[in-house]
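Data from upload_9.cif: mmCIF, C-alpha atoms and all ligand atoms
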data_structure
#
loop_
_atom_site.label_atom_id
_atom_site.label_comp_id
_atom_site.auth_asym_id
_atom_site.auth_seq_id
_atom_site.Cartn_x
_atom_site.Cartn_y
_atom_site.Cartn_z
CA MET K 48 -62.21 -19.57 -53.36
CA HIS K 49 -65.87 -18.86 -53.87
CA GLU K 50 -66.97 -16.48 -56.66
CA GLY K 51 -68.96 -14.46 -54.08
CA ILE K 52 -65.75 -13.06 -52.68
CA HIS K 53 -65.66 -10.89 -55.80
CA ALA K 54 -69.03 -9.36 -54.91
CA ALA K 55 -69.22 -5.60 -54.31
CA GLU K 56 -67.87 -4.21 -51.07
CA ALA K 57 -69.78 -2.04 -48.64
CA ASP K 58 -68.69 1.55 -49.27
CA ASP K 59 -68.55 4.38 -46.74
CA ALA K 60 -72.05 5.67 -47.52
CA LEU K 61 -73.58 2.22 -47.10
CA ILE K 62 -71.77 1.70 -43.80
CA THR K 63 -72.71 5.13 -42.43
CA GLY K 64 -76.36 4.72 -43.40
CA ALA K 65 -76.56 1.22 -41.94
CA LEU K 66 -74.91 2.25 -38.66
CA ASP K 67 -77.25 5.24 -38.33
CA ARG K 68 -80.27 2.96 -38.88
CA ALA K 69 -78.94 0.43 -36.38
CA ILE K 70 -78.44 3.14 -33.76
CA GLU K 71 -81.99 4.43 -34.30
CA GLN K 72 -83.24 0.89 -33.69
CA ILE K 73 -81.18 0.69 -30.48
CA ALA K 74 -82.63 4.02 -29.32
CA ARG K 75 -86.17 2.71 -29.94
CA ASN K 76 -85.40 -0.40 -27.87
CA ILE K 77 -83.93 1.38 -24.83
CA PRO K 78 -87.26 1.94 -23.01
CA HIS K 79 -88.14 -1.75 -23.42
CA PHE K 80 -84.82 -3.32 -22.38
CA THR K 81 -83.34 -1.34 -19.50
CA HIS K 82 -84.77 -3.08 -16.44
CA VAL K 83 -85.15 -6.40 -18.24
CA CYS K 84 -82.96 -8.20 -20.74
CA GLN K 85 -83.46 -9.15 -24.35
CA ASN K 86 -84.24 -12.79 -25.12
CA HIS K 87 -81.61 -14.84 -27.00
CA SER K 88 -83.72 -14.76 -30.15
CA SER K 89 -86.80 -13.11 -31.53
CA ILE K 90 -90.24 -14.64 -31.96
CA GLY K 91 -91.79 -13.60 -35.26
CA ASN K 92 -88.83 -11.17 -35.58
CA PHE K 93 -89.63 -9.39 -32.30
CA TYR K 94 -87.54 -9.95 -29.19
CA PRO K 95 -89.46 -10.55 -26.01
CA ALA K 96 -87.93 -9.50 -22.68
CA CYS K 97 -86.30 -12.02 -20.35
CA ALA K 98 -84.63 -12.11 -16.96
CA ASN K 99 -80.84 -11.81 -16.77
CA ASP K 100 -80.35 -15.57 -16.72
CA GLN K 101 -79.42 -16.57 -20.28
CA TRP K 102 -75.89 -16.93 -21.76
CA THR K 103 -76.77 -14.30 -24.33
CA THR K 104 -77.86 -11.31 -22.25
CA GLY K 105 -74.54 -9.46 -22.68
CA PHE K 106 -75.16 -8.77 -26.34
CA TRP K 107 -77.91 -6.19 -25.95
CA PRO K 108 -75.89 -4.01 -23.51
CA GLY K 109 -72.97 -4.45 -25.92
CA GLN K 110 -75.09 -2.88 -28.65
CA VAL K 111 -76.02 -0.02 -26.32
CA TRP K 112 -72.34 0.67 -25.55
CA LEU K 113 -71.52 0.66 -29.28
CA ALA K 114 -74.32 3.15 -29.89
CA TRP K 115 -73.28 5.30 -26.93
CA GLU K 116 -69.71 5.47 -28.26
CA LYS K 117 -71.10 7.14 -31.38
CA THR K 118 -73.87 9.29 -29.89
CA ARG K 119 -72.91 10.01 -26.24
CA ASP K 120 -76.66 9.94 -25.64
CA LYS K 121 -77.53 10.18 -21.92
CA ASP K 122 -80.44 7.72 -22.10
CA MET K 123 -78.14 5.13 -23.68
CA LEU K 124 -75.56 5.66 -20.95
CA SER K 125 -78.19 5.37 -18.26
CA CYS K 126 -79.57 2.16 -19.79
CA ALA K 127 -76.14 0.55 -20.15
CA LEU K 128 -75.15 1.46 -16.57
CA THR K 129 -78.46 0.11 -15.21
CA LEU K 130 -77.63 -3.14 -16.97
CA VAL K 131 -74.17 -3.15 -15.33
CA ASP K 132 -75.99 -3.24 -11.97
CA SER K 133 -77.96 -6.23 -13.18
CA PHE K 134 -74.78 -8.03 -14.29
CA LEU K 135 -73.06 -7.35 -10.97
CA HIS K 136 -76.11 -8.70 -9.15
CA ARG K 137 -76.11 -11.80 -11.36
CA ILE K 138 -72.47 -12.71 -10.73
CA GLU K 139 -72.60 -11.87 -7.01
CA ARG K 140 -75.66 -14.08 -6.56
CA LYS K 141 -74.29 -16.66 -9.04
CA ILE K 142 -77.47 -16.73 -11.09
CA GLU K 143 -77.07 -19.22 -13.96
CA VAL K 144 -73.30 -18.87 -14.17
CA ASP K 145 -72.29 -22.54 -13.87
CA HIS K 146 -71.05 -22.67 -17.46
CA HIS K 147 -68.21 -21.20 -19.49
CA ASP K 148 -69.98 -18.29 -21.20
CA MET K 149 -68.65 -15.63 -18.84
CA GLY K 150 -66.90 -13.83 -21.71
CA PHE K 151 -69.99 -13.69 -23.91
CA LEU K 152 -71.84 -12.27 -20.90
CA TYR K 153 -69.34 -9.91 -19.32
CA SER K 154 -67.08 -8.63 -22.15
CA PRO K 155 -69.76 -6.67 -24.04
CA SER K 156 -71.73 -5.63 -20.93
CA CYS K 157 -69.06 -4.85 -18.32
CA VAL K 158 -65.52 -4.84 -19.75
CA SER K 159 -66.97 -2.38 -22.26
CA ALA K 160 -68.47 -0.26 -19.45
CA TYR K 161 -65.18 -0.21 -17.58
CA LEU K 162 -63.12 0.66 -20.66
CA LEU K 163 -65.50 3.44 -21.67
CA THR K 164 -66.46 4.98 -18.31
CA GLY K 165 -64.11 3.57 -15.67
CA SER K 166 -67.13 2.14 -13.79
CA GLU K 167 -65.79 0.31 -10.73
CA LYS K 168 -68.98 -1.77 -10.50
CA ALA K 169 -68.38 -2.99 -14.04
CA ARG K 170 -64.75 -3.83 -13.25
CA LYS K 171 -65.80 -5.76 -10.14
CA ALA K 172 -68.48 -7.69 -12.05
CA ALA K 173 -66.10 -8.60 -14.88
CA LEU K 174 -63.37 -9.75 -12.48
CA LEU K 175 -65.87 -11.91 -10.57
CA ALA K 176 -66.95 -13.38 -13.91
CA ALA K 177 -63.32 -14.15 -14.77
CA ASP K 178 -62.97 -15.93 -11.40
CA GLN K 179 -66.12 -17.88 -12.17
CA LEU K 180 -64.70 -18.91 -15.55
CA LEU K 181 -61.56 -20.27 -13.86
CA THR K 182 -63.77 -22.72 -11.93
CA ARG K 183 -64.53 -24.44 -15.27
CA PHE K 184 -60.87 -25.38 -15.86
CA HIS K 185 -59.65 -28.97 -15.89
CA GLY K 186 -55.87 -29.14 -15.42
CA LYS K 187 -56.00 -32.71 -16.69
CA GLY K 188 -56.63 -32.29 -20.40
CA GLY K 189 -56.10 -28.53 -20.13
CA PHE K 190 -59.49 -27.10 -21.05
CA LEU K 191 -62.47 -25.08 -19.84
CA GLN K 192 -65.52 -27.31 -19.62
CA ALA K 193 -68.49 -25.82 -21.44
CA TRP K 194 -71.54 -27.06 -19.62
CA GLY K 195 -72.72 -29.46 -16.95
CA PRO K 196 -71.32 -30.67 -13.64
CA MET K 197 -67.52 -30.67 -13.46
CA ASP K 198 -67.37 -34.16 -11.92
CA LYS K 199 -69.43 -35.98 -14.58
CA PRO K 200 -67.26 -37.70 -17.25
CA GLU K 201 -70.09 -37.34 -19.80
CA SER K 202 -69.85 -33.53 -19.46
CA HIS K 203 -66.08 -33.49 -19.92
CA ARG K 204 -65.93 -31.43 -23.10
CA PHE K 205 -65.05 -28.06 -24.49
CA ILE K 206 -66.60 -26.28 -27.46
CA ILE K 207 -65.15 -24.12 -30.23
CA ASP K 208 -67.27 -21.13 -29.14
CA CYS K 209 -65.20 -20.87 -25.95
CA LEU K 210 -62.35 -19.08 -27.75
CA MET K 211 -64.61 -16.03 -27.50
CA ASN K 212 -64.75 -16.34 -23.69
CA LEU K 213 -60.98 -16.06 -23.30
CA PRO K 214 -60.45 -12.31 -23.82
CA LEU K 215 -62.14 -11.83 -20.43
CA LEU K 216 -59.29 -13.82 -18.88
CA TYR K 217 -56.56 -11.86 -20.70
CA TRP K 218 -58.25 -8.65 -19.58
CA ALA K 219 -58.37 -9.91 -15.96
CA THR K 220 -54.62 -10.57 -15.98
CA LYS K 221 -53.95 -7.12 -17.41
CA GLU K 222 -56.17 -5.56 -14.76
CA THR K 223 -54.93 -7.48 -11.72
CA GLY K 224 -51.43 -8.68 -12.63
CA ASP K 225 -52.55 -12.20 -11.67
CA GLU K 226 -51.11 -14.55 -14.32
CA ARG K 227 -53.52 -17.40 -13.55
CA TYR K 228 -56.17 -16.03 -15.90
CA ARG K 229 -53.79 -15.72 -18.86
CA THR K 230 -52.24 -19.13 -18.20
CA VAL K 231 -55.63 -20.87 -18.25
CA ALA K 232 -56.60 -19.01 -21.44
CA GLU K 233 -53.37 -20.04 -23.16
CA ILE K 234 -53.69 -23.68 -22.12
CA HIS K 235 -57.31 -23.85 -23.26
CA THR K 236 -56.41 -22.21 -26.59
CA ALA K 237 -53.67 -24.76 -27.24
CA THR K 238 -56.02 -27.67 -26.45
CA SER K 239 -58.88 -26.25 -28.50
CA LEU K 240 -56.74 -25.50 -31.56
CA ALA K 241 -55.10 -28.92 -31.37
CA TRP K 242 -58.35 -30.93 -31.40
CA SER K 243 -61.24 -28.81 -32.71
CA ILE K 244 -59.86 -28.22 -36.21
CA ARG K 245 -60.13 -31.05 -38.72
CA PRO K 246 -57.48 -31.52 -41.45
CA ASP K 247 -59.68 -29.74 -44.03
CA GLY K 248 -60.02 -26.62 -41.85
CA SER K 249 -63.57 -27.39 -40.73
CA THR K 250 -64.28 -27.58 -37.01
CA TYR K 251 -65.99 -29.82 -34.51
CA HIS K 252 -68.49 -27.96 -32.42
CA THR K 253 -67.71 -29.91 -29.24
CA PHE K 254 -64.81 -32.14 -28.24
CA PHE K 255 -64.69 -34.71 -25.42
CA MET K 256 -61.65 -35.36 -23.25
CA ASP K 257 -61.05 -38.44 -21.11
CA SER K 258 -61.73 -37.49 -17.51
CA VAL K 259 -59.20 -40.00 -16.15
CA THR K 260 -56.26 -39.63 -18.53
CA GLY K 261 -56.92 -36.14 -19.91
CA LEU K 262 -56.40 -37.53 -23.43
CA PRO K 263 -58.56 -36.46 -26.41
CA LEU K 264 -61.54 -38.71 -27.09
CA ARG K 265 -63.78 -37.54 -29.94
CA GLY K 266 -65.52 -34.63 -31.62
CA GLU K 267 -69.31 -34.42 -31.60
CA THR K 268 -71.80 -31.83 -32.64
CA CYS K 269 -74.35 -30.21 -30.40
CA GLN K 270 -75.94 -27.50 -32.54
CA GLY K 271 -74.74 -28.66 -35.97
CA TYR K 272 -76.55 -31.10 -38.26
CA LYS K 273 -74.39 -34.10 -37.37
CA ASP K 274 -71.05 -34.99 -35.81
CA ASP K 275 -69.02 -34.81 -39.02
CA SER K 276 -70.84 -31.85 -40.60
CA ILE K 277 -69.77 -28.20 -40.35
CA TRP K 278 -71.98 -26.06 -38.14
CA ALA K 279 -71.79 -22.60 -39.72
CA ARG K 280 -71.62 -20.63 -36.48
CA GLY K 281 -69.03 -22.93 -34.93
CA GLN K 282 -66.87 -22.21 -37.97
CA ALA K 283 -67.50 -18.49 -37.48
CA TRP K 284 -66.56 -18.65 -33.79
CA SER K 285 -63.30 -20.37 -34.76
CA ILE K 286 -62.46 -17.52 -37.15
CA TYR K 287 -63.05 -14.65 -34.74
CA GLY K 288 -61.70 -16.74 -31.84
CA ILE K 289 -58.37 -17.41 -33.59
CA ALA K 290 -58.01 -13.74 -34.53
CA LEU K 291 -58.47 -12.75 -30.87
CA SER K 292 -56.13 -15.53 -29.72
CA TYR K 293 -53.50 -14.16 -32.07
CA ARG K 294 -53.92 -10.66 -30.66
CA TYR K 295 -53.41 -11.88 -27.10
CA THR K 296 -50.83 -14.65 -27.55
CA GLY K 297 -48.91 -13.68 -30.70
CA ASP K 298 -48.70 -17.45 -31.35
CA SER K 299 -47.07 -17.72 -34.78
CA ARG K 300 -49.34 -20.65 -35.75
CA CYS K 301 -52.44 -18.46 -35.63
CA PRO K 302 -52.21 -16.70 -39.04
CA ALA K 303 -52.06 -20.00 -40.96
CA LEU K 304 -54.81 -21.54 -38.84
CA PHE K 305 -56.93 -18.45 -39.35
CA ARG K 306 -56.49 -18.74 -43.13
CA LYS K 307 -57.40 -22.42 -43.00
CA VAL K 308 -60.65 -22.04 -41.07
CA LEU K 309 -61.54 -18.93 -43.06
CA ASP K 310 -61.01 -20.73 -46.41
CA CYS K 311 -63.33 -23.48 -45.22
CA PHE K 312 -66.02 -20.94 -44.34
CA ILE K 313 -65.71 -18.99 -47.59
CA THR K 314 -65.64 -22.09 -49.78
CA HIS K 315 -68.97 -23.24 -48.38
CA LEU K 316 -70.87 -19.96 -48.78
CA PRO K 317 -73.80 -19.59 -51.14
CA GLY K 318 -73.78 -16.73 -53.67
CA ASP K 319 -74.89 -14.01 -51.26
CA LEU K 320 -72.17 -14.88 -48.72
CA VAL K 321 -74.59 -15.75 -45.92
CA PRO K 322 -74.38 -19.43 -44.94
CA TYR K 323 -77.10 -21.94 -44.31
CA TRP K 324 -77.10 -22.92 -40.64
CA ASP K 325 -74.97 -25.98 -41.40
CA PHE K 326 -72.71 -26.41 -44.43
CA THR K 327 -74.50 -29.67 -45.23
CA PHE K 328 -77.07 -27.40 -46.87
CA THR K 329 -76.77 -25.33 -50.02
CA GLU K 330 -78.99 -23.34 -52.34
CA GLY K 331 -82.30 -25.04 -53.02
CA SER K 332 -82.25 -26.96 -49.72
CA GLY K 333 -85.01 -24.82 -48.22
CA GLU K 334 -83.08 -24.80 -44.93
CA PRO K 335 -82.71 -21.56 -42.93
CA ARG K 336 -79.63 -19.36 -43.02
CA ASP K 337 -77.58 -18.15 -40.11
CA SER K 338 -76.85 -14.50 -40.84
CA SER K 339 -75.10 -14.12 -37.47
CA SER K 340 -72.23 -16.29 -38.78
CA SER K 341 -71.37 -13.76 -41.48
CA ALA K 342 -71.48 -10.89 -38.97
CA ILE K 343 -69.11 -12.78 -36.62
CA VAL K 344 -66.73 -13.57 -39.49
CA ALA K 345 -66.74 -9.92 -40.62
CA CYS K 346 -65.59 -8.92 -37.12
CA GLY K 347 -62.93 -11.67 -37.11
CA LEU K 348 -61.62 -10.48 -40.48
CA LEU K 349 -61.45 -6.88 -39.30
CA GLU K 350 -59.67 -7.91 -36.11
CA MET K 351 -57.13 -10.04 -38.02
CA SER K 352 -56.60 -7.37 -40.68
CA SER K 353 -54.96 -5.16 -38.07
CA LEU K 354 -52.53 -7.92 -36.99
CA VAL K 355 -51.09 -9.13 -40.31
CA ASP K 356 -49.06 -7.55 -43.12
CA GLU K 357 -50.67 -4.74 -45.10
CA LYS K 358 -51.53 -6.75 -48.23
CA THR K 359 -53.17 -9.57 -46.28
CA GLY K 360 -54.89 -7.01 -44.07
CA GLN K 361 -56.39 -5.33 -47.11
CA GLU K 362 -57.60 -8.66 -48.43
CA TYR K 363 -59.35 -9.41 -45.12
CA THR K 364 -60.87 -5.92 -44.92
CA CYS K 365 -62.24 -6.22 -48.48
CA LEU K 366 -63.77 -9.57 -47.67
CA ALA K 367 -65.36 -8.18 -44.50
CA LYS K 368 -66.84 -5.34 -46.57
CA ARG K 369 -68.31 -7.84 -49.03
CA LEU K 370 -69.94 -9.85 -46.25
CA MET K 371 -71.29 -6.64 -44.74
CA ARG K 372 -72.70 -5.36 -48.00
CA SER K 373 -74.74 -8.52 -48.31
CA LEU K 374 -75.93 -8.28 -44.70
CA VAL K 375 -76.87 -4.61 -45.00
CA GLU K 376 -78.67 -5.00 -48.32
CA GLY K 377 -80.29 -8.39 -47.87
CA TYR K 378 -80.66 -9.09 -44.15
CA SER K 379 -80.72 -5.93 -42.04
CA VAL K 380 -83.91 -4.44 -40.61
CA SER K 381 -84.80 -1.12 -42.20
CA ASP K 382 -88.42 -0.89 -41.03
CA PRO K 383 -89.14 -1.15 -37.27
CA ARG K 384 -92.62 -2.46 -38.05
CA VAL K 385 -90.96 -5.62 -39.39
CA SER K 386 -88.71 -6.29 -36.41
CA ASN K 387 -87.21 -4.81 -33.25
CA GLY K 388 -83.88 -6.49 -34.09
CA GLN K 389 -81.02 -5.62 -36.42
CA LEU K 390 -80.40 -8.70 -38.56
CA LEU K 391 -83.04 -11.08 -39.90
CA HIS K 392 -82.55 -14.77 -40.75
CA GLY K 393 -80.38 -16.01 -37.93
CA THR K 394 -80.63 -19.53 -36.55
CA TYR K 395 -79.94 -20.35 -32.92
CA SER K 396 -80.80 -24.00 -32.49
CA LYS K 397 -82.18 -26.25 -35.23
CA LYS K 398 -83.18 -29.83 -34.58
CA SER K 399 -81.82 -32.55 -36.87
CA PRO K 400 -82.15 -36.36 -36.85
CA TYR K 401 -78.55 -36.49 -35.56
CA ASN K 402 -78.35 -33.77 -32.89
CA THR K 403 -79.99 -33.30 -29.51
CA CYS K 404 -81.18 -29.72 -30.02
CA THR K 405 -84.48 -28.33 -29.00
CA GLU K 406 -85.69 -25.98 -31.70
CA GLU K 407 -85.34 -22.30 -30.79
CA GLY K 408 -84.79 -19.13 -32.76
CA VAL K 409 -84.97 -20.66 -36.25
CA ASP K 410 -84.97 -18.04 -39.03
CA GLU K 411 -85.19 -15.25 -36.47
CA CYS K 412 -83.07 -12.39 -35.20
CA VAL K 413 -80.50 -13.65 -32.68
CA SER K 414 -79.00 -11.32 -30.09
CA TRP K 415 -75.34 -12.01 -30.95
CA GLY K 416 -76.09 -11.60 -34.66
CA ASP K 417 -77.40 -8.11 -33.91
CA TYR K 418 -74.43 -7.30 -31.68
CA PHE K 419 -71.72 -8.46 -34.12
CA TYR K 420 -73.50 -6.75 -37.02
CA VAL K 421 -73.29 -3.43 -35.13
CA GLU K 422 -69.71 -4.18 -34.02
CA ALA K 423 -68.65 -4.80 -37.64
CA LEU K 424 -70.33 -1.55 -38.76
CA THR K 425 -68.59 0.28 -35.91
CA ARG K 426 -65.20 -1.17 -36.83
CA LEU K 427 -65.73 -0.21 -40.49
CA SER K 428 -66.90 3.29 -39.62
CA HIS K 429 -63.65 3.86 -37.71
CA LEU K 430 -61.69 2.71 -40.78
CA SER K 431 -63.65 4.97 -43.11
CA ARG K 432 -63.17 8.01 -40.87
CA LEU K 433 -59.43 7.24 -40.86
CA SER K 434 -59.69 7.78 -37.12
CA THR K 435 -58.15 5.60 -34.47
CA ALA K 436 -59.20 1.97 -34.60
CA TRP K 437 -62.16 0.90 -32.52
CA GLN K 438 -61.08 -0.41 -29.11
CA PRO K 439 -62.58 -3.90 -28.82
CA TYR K 440 -64.57 -5.00 -25.78
CA TRP K 441 -63.07 -8.48 -26.37
N1 LIG I 1 -72.52 -20.36 -28.28
C1 LIG I 1 -73.73 -20.97 -28.69
C2 LIG I 1 -74.20 -20.52 -30.01
O1 LIG I 1 -73.44 -19.95 -30.79
O2 LIG I 1 -75.37 -20.76 -30.30
#
Represent the structure of the file as structure tokens.
Ligand code: GLY
Amino acid sequence: MHEGIHAAEADDALITGALDRAIEQIARNIPHFTHVCQNHSSIGNFYPACANDQWTTGFWPGQVWLAWEKTRDKDMLSCALTLVDSFLHRIERKIEVDHHDMGFLYSPSCVSAYLLTGSEKARKAALLAADQLLTRFHGKGGFLQAWGPMDKPESHRFIIDCLMNLPLLYWATKETGDERYRTVAEIHTATSLAWSIRPDGSTYHTFFMDSVTGLPLRGETCQGYKDDSIWARGQAWSIYGIALSYRYTGDSRCPALFRKVLDCFITHLPGDLVPYWDFTFTEGSGEPRDSSSSAIVACGLLEMSSLVDEKTGQEYTCLAKRLMRSLVEGYSVSDPRVSNGQLLHGTYSKKSPYNTCTEEGVDECVSWGDYFYVEALTRLSHLSRLSTAWQPYW
């Protein structure tokens, strides 16, 4: 494994200070992002507002719920509940919901709201979003299609990120008793784990299935450098996604798969444990990092640490603390004049000669990076207070 895994861990004082700073930043942002949403990424390190029509708009309300859990501040509660109204409106009117990202949208914004306050509007919105996600399922091939029209063979693919959309379905079964949601989640998980993970533990970002036979066709990248490279965030989604799959399914293959994809991620990290946007690139490449990947992996490690034996759990917690120390010390925003985000140096979409990306959010704050950074700090703060574990929104 990489020498960086022996770097210093975040201690309680570092975690407490970083979480307090993050919550102050959230409080400063409330007046600007209550009746509008936060864009997927910053421009010059400052997020502009956007309408509630992107796949990423759930992450800002997720941050507000995390902050409210700690502060019980009435303005935070009011902001987060106003955003629930917006998410209910979006799913009722079906505004930009013809894709699979219902979990990214509705777990941090509405499942959270329901778990924390019992809001019936939030429950309704999240259940409608789960129904919407079911419409993306192909029985033939057994997967949730990521994007594009369902009847176009060239759109017949799933992506590794989708593992993060599945907790919404498990929640919907728990809430309604309707097994359809869980069944679809389990089938998609089996398909995704069978074909997304390469023999060396790296992952394909996207994978095509034959629309006639349902048989696997090929892996391709979308946001990575090229088809056979390792997109850092895809690898991160696989890590947190497998941890959550293990929580919900108890599938005995998950711990070994988790270790395999994690080893691949760790092995490719530069010295400060924050990856370049694609593992093609290393120190001296001049390419941008993706800090959000390390925040996602920290959350995945902390989730998995509670599901495995004590020794392995401690190993995963230590590693999460090392990743977080680097993020807090080298990447987090400590001066609001520099940024209205939480975590600098994320990369959303970087063009390469081999992918089809349009360039957006390169070396910027990204809304999920901010959210998972605050989630990881929240999880760690619960550990350090020796209180009950944080109840995930996922
Ligand atoms: N789910 C898309 C991304 O991670 O950019």
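Our summary of the geometry notes that atom CA of K:His82 is positioned 11.4 Å from atom CA of K:Pro108.
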Practice problem: Write out as a VMD selection string which residues come within 10 Å of stretch 241-251 of chain K when counting only C-alpha atoms, dropping same-chain ones fewer than 2 positions away. | Solution: chain K and resid 205 to 207 235 to 239 253 to 256 263 to 269 271 273 to 279 281 to 285 304 to 312 326
Quiz prompt | K:Trp218, K:Tyr293, K:Tyr323, K:Phe184 ranked by distance to K:Tyr161, top pick (using only C-alpha atoms) | solution = K:Trp218
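Distances from K:Lys397, K:His147, K:Arg170, K:Arg369 to K:Leu135 were compared using all atoms listed in the file, and the smallest one belongs to K:Arg170.
A distance search around ligand LIG 1 (chain I) (8 Å at most, all atoms listed in the file) returns the following protein and nucleic acid residues: Asp148, Asp208, Cys209, Gln270, Arg280, Gly281, Trp284, Tyr395 and Ser396 of chain K.
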Quiz item: In terms of the shortest atom-to-atom distance over only C-alpha atoms, which of K:Thr104, K:Ser414, K:Ser166, K:Ser258 is closest to K:Glu201?
Solution: K:Ser258
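Note that the spacing between atom CA of K:Leu66 and atom CA of K:Ser352 amounts to 20.8 Å.
For the pair atom CA of K:Asn402 and atom CA of K:Thr327, the separation is 13.6 Å.
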Quiz item: Contacts of K:Thr260 at 8 Å or less, counting only C-alpha atoms, minus same-chain residues fewer than 2 places along, as number ranges by chain?
Solution: K: 187-188, 257-258, 262
Practice problem: Dump as a PyMOL selection string all residues having an atom at most 9 Å from (-62.0, -8.3, -36.8), computed in the file's coordinates with only C-alpha atoms. | Solution: chain K and resi 287+290-291+343-353+363-364+367+423+426
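Each of K:Asp337, K:Val321, K:Phe190, K:Glu357 was compared to K:Val375 using only C-alpha atoms, and K:Val321 turns out to be the nearest.
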Centre and size of axis-aligned box enclosing stretch 353-359 of chain K plus 4 Å each side, as AutoDock Vina command-line options:
--center_x -52.0 --center_y -7.2 --center_z -42.6 --size_x 13.9 --size_y 12.8 --size_z 19.2
Self-check item: Cut-off 6 Å around (-81.8, -9.0, -23.2) with all atoms listed in the file: residues as number ranges by chain
Solution: K: 84-86, 104, 107
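You can rank K:Thr394, K:Thr223, K:Ser299, K:Thr359 by their closest distance to K:Ser338 using all atoms listed in the file, and at the top of that list sits K:Thr394.
Comparing the minimum interatomic distances between K:Asp122 and each of K:Thr230, K:Asn76, K:Ser341, K:Gln101, counting only C-alpha atoms, we find that K:Asn76 sits nearest.
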Exercise. Give me the residues within 10 Å of K:Glu330 as an NGL selection string, counting all atoms listed in the file and dropping any in the same chain fewer than 6 places off.
Key: :K and (316-318 or 322-323)
